[in-house]
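Below is one structure; the comments refer to it alone.
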Amino acid sequence: DYIQRMRNLREDSDKTQQQIADYLGTSQTMYADMSGANDLPIHHLLALCKYYNVSADYILGLSNIKQISK
């Protein structure tokens, strides 16, 4: 599911929840909520795709292809 994918991407990048929250312009608490119980806002999904260089389909669990081809 997307919650585990978000966690894996963050941990693989050696980033904290706070660092990703700062990048998204939100609080760590809000970031933790959106990678838990709350829905992920589309603007944050797009920002995370750019940050990690992955597709939205990958984050959402619709594809196992991680890298975006350029």
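Residue numbers start at 1 in each chain; chains themselves are named A, B, ... in the order of the structure tokens; ligands are numbered from 1 in the order shown.
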**Q.** Contact residues around segment 8-19 of chain A with only C-alpha atoms at 9 Å, ignoring same-chain residues under 4 positions, as number ranges by chain
**A.** A: 3-4, 23-24, 26-29, 31-32, 52, 59
Q.
Could you go through chain A and tell me which residues DSSP, when run on the backbone, assigns to alpha helix (DSSP H), listing them as a VMD selection string?
A. chain A and resid 2 to 12 17 to 24 28 to 34 42 to 52 56 to 59
Write a file of the selected residues as a PDB file, in the first residue's frame, keeping C-alpha atoms.
ATOM      1  CA  TYR A   2       1.043   3.619  -0.419  1.00  0.00           C
ATOM      2  CA  ILE A   3       1.787   4.094   3.279  1.00  0.00           C
ATOM      3  CA  GLN A   4       4.506   1.448   3.196  1.00  0.00           C
ATOM      4  CA  ARG A   5       5.825   2.765  -0.133  1.00  0.00           C
ATOM      5  CA  MET A   6       6.132   6.278   1.301  1.00  0.00           C
ATOM      6  CA  ARG A   7       7.956   4.922   4.356  1.00  0.00           C
ATOM      7  CA  ASN A   8      10.314   2.827   2.221  1.00  0.00           C
ATOM      8  CA  LEU A   9      11.132   5.743  -0.082  1.00  0.00           C
ATOM      9  CA  ARG A  10      11.815   8.004   2.891  1.00  0.00           C
ATOM     10  CA  GLU A  11      13.965   5.462   4.706  1.00  0.00           C
ATOM     11  CA  ASP A  12      15.850   4.489   1.527  1.00  0.00           C
ATOM     12  CA  GLN A  17       9.606  12.526   8.646  1.00  0.00           C
ATOM     13  CA  GLN A  18      10.537  16.070   9.662  1.00  0.00           C
ATOM     14  CA  GLN A  19      12.810  16.530   6.634  1.00  0.00           C
ATOM     15  CA  ILE A  20      10.109  15.385   4.231  1.00  0.00           C
ATOM     16  CA  ALA A  21       7.498  17.497   6.022  1.00  0.00           C
ATOM     17  CA  ASP A  22       9.776  20.528   5.644  1.00  0.00           C
ATOM     18  CA  TYR A  23      10.136  19.799   1.921  1.00  0.00           C
ATOM     19  CA  LEU A  24       6.362  19.593   1.585  1.00  0.00           C
ATOM     20  CA  GLN A  28       5.799  16.557  10.900  1.00  0.00           C
ATOM     21  CA  THR A  29       2.480  15.719  12.577  1.00  0.00           C
ATOM     22  CA  MET A  30       0.525  16.423   9.386  1.00  0.00           C
ATOM     23  CA  TYR A  31       3.033  14.393   7.352  1.00  0.00           C
ATOM     24  CA  ALA A  32       2.722  11.463   9.775  1.00  0.00           C
ATOM     25  CA  ASP A  33      -1.076  11.700   9.541  1.00  0.00           C
ATOM     26  CA  MET A  34      -1.076  11.693   5.744  1.00  0.00           C
ATOM     27  CA  ILE A  42      -2.590  15.409  -4.627  1.00  0.00           C
ATOM     28  CA  HIS A  43      -0.146  18.337  -4.433  1.00  0.00           C
ATOM     29  CA  HIS A  44       1.905  16.404  -1.877  1.00  0.00           C
ATOM     30  CA  LEU A  45       1.760  13.269  -4.016  1.00  0.00           C
ATOM     31  CA  LEU A  46       3.115  15.216  -6.993  1.00  0.00           C
ATOM     32  CA  ALA A  47       5.840  16.820  -4.880  1.00  0.00           C
ATOM     33  CA  LEU A  48       6.906  13.416  -3.527  1.00  0.00           C
ATOM     34  CA  CYS A  49       7.023  11.985  -7.058  1.00  0.00           C
ATOM     35  CA  LYS A  50       9.417  14.739  -8.077  1.00  0.00           C
ATOM     36  CA  TYR A  51      11.465  14.458  -4.892  1.00  0.00           C
ATOM     37  CA  TYR A  52      11.962  10.695  -5.162  1.00  0.00           C
ATOM     38  CA  ALA A  56       2.470   8.396  -8.751  1.00  0.00           C
ATOM     39  CA  ASP A  57       1.509   4.869  -9.795  1.00  0.00           C
ATOM     40  CA  TYR A  58       4.527   3.540  -7.898  1.00  0.00           C
ATOM     41  CA  ILE A  59       3.737   5.470  -4.708  1.00  0.00           C
TER      42      ILE A  59
END
Q | Exercise: Lys66 of chain A partners within 7 Å, only C-alpha atoms, chain neighbours under 2 positions left out, as JSON, numbers by chain | A | {"A": [54, 55, 58, 64, 68]}
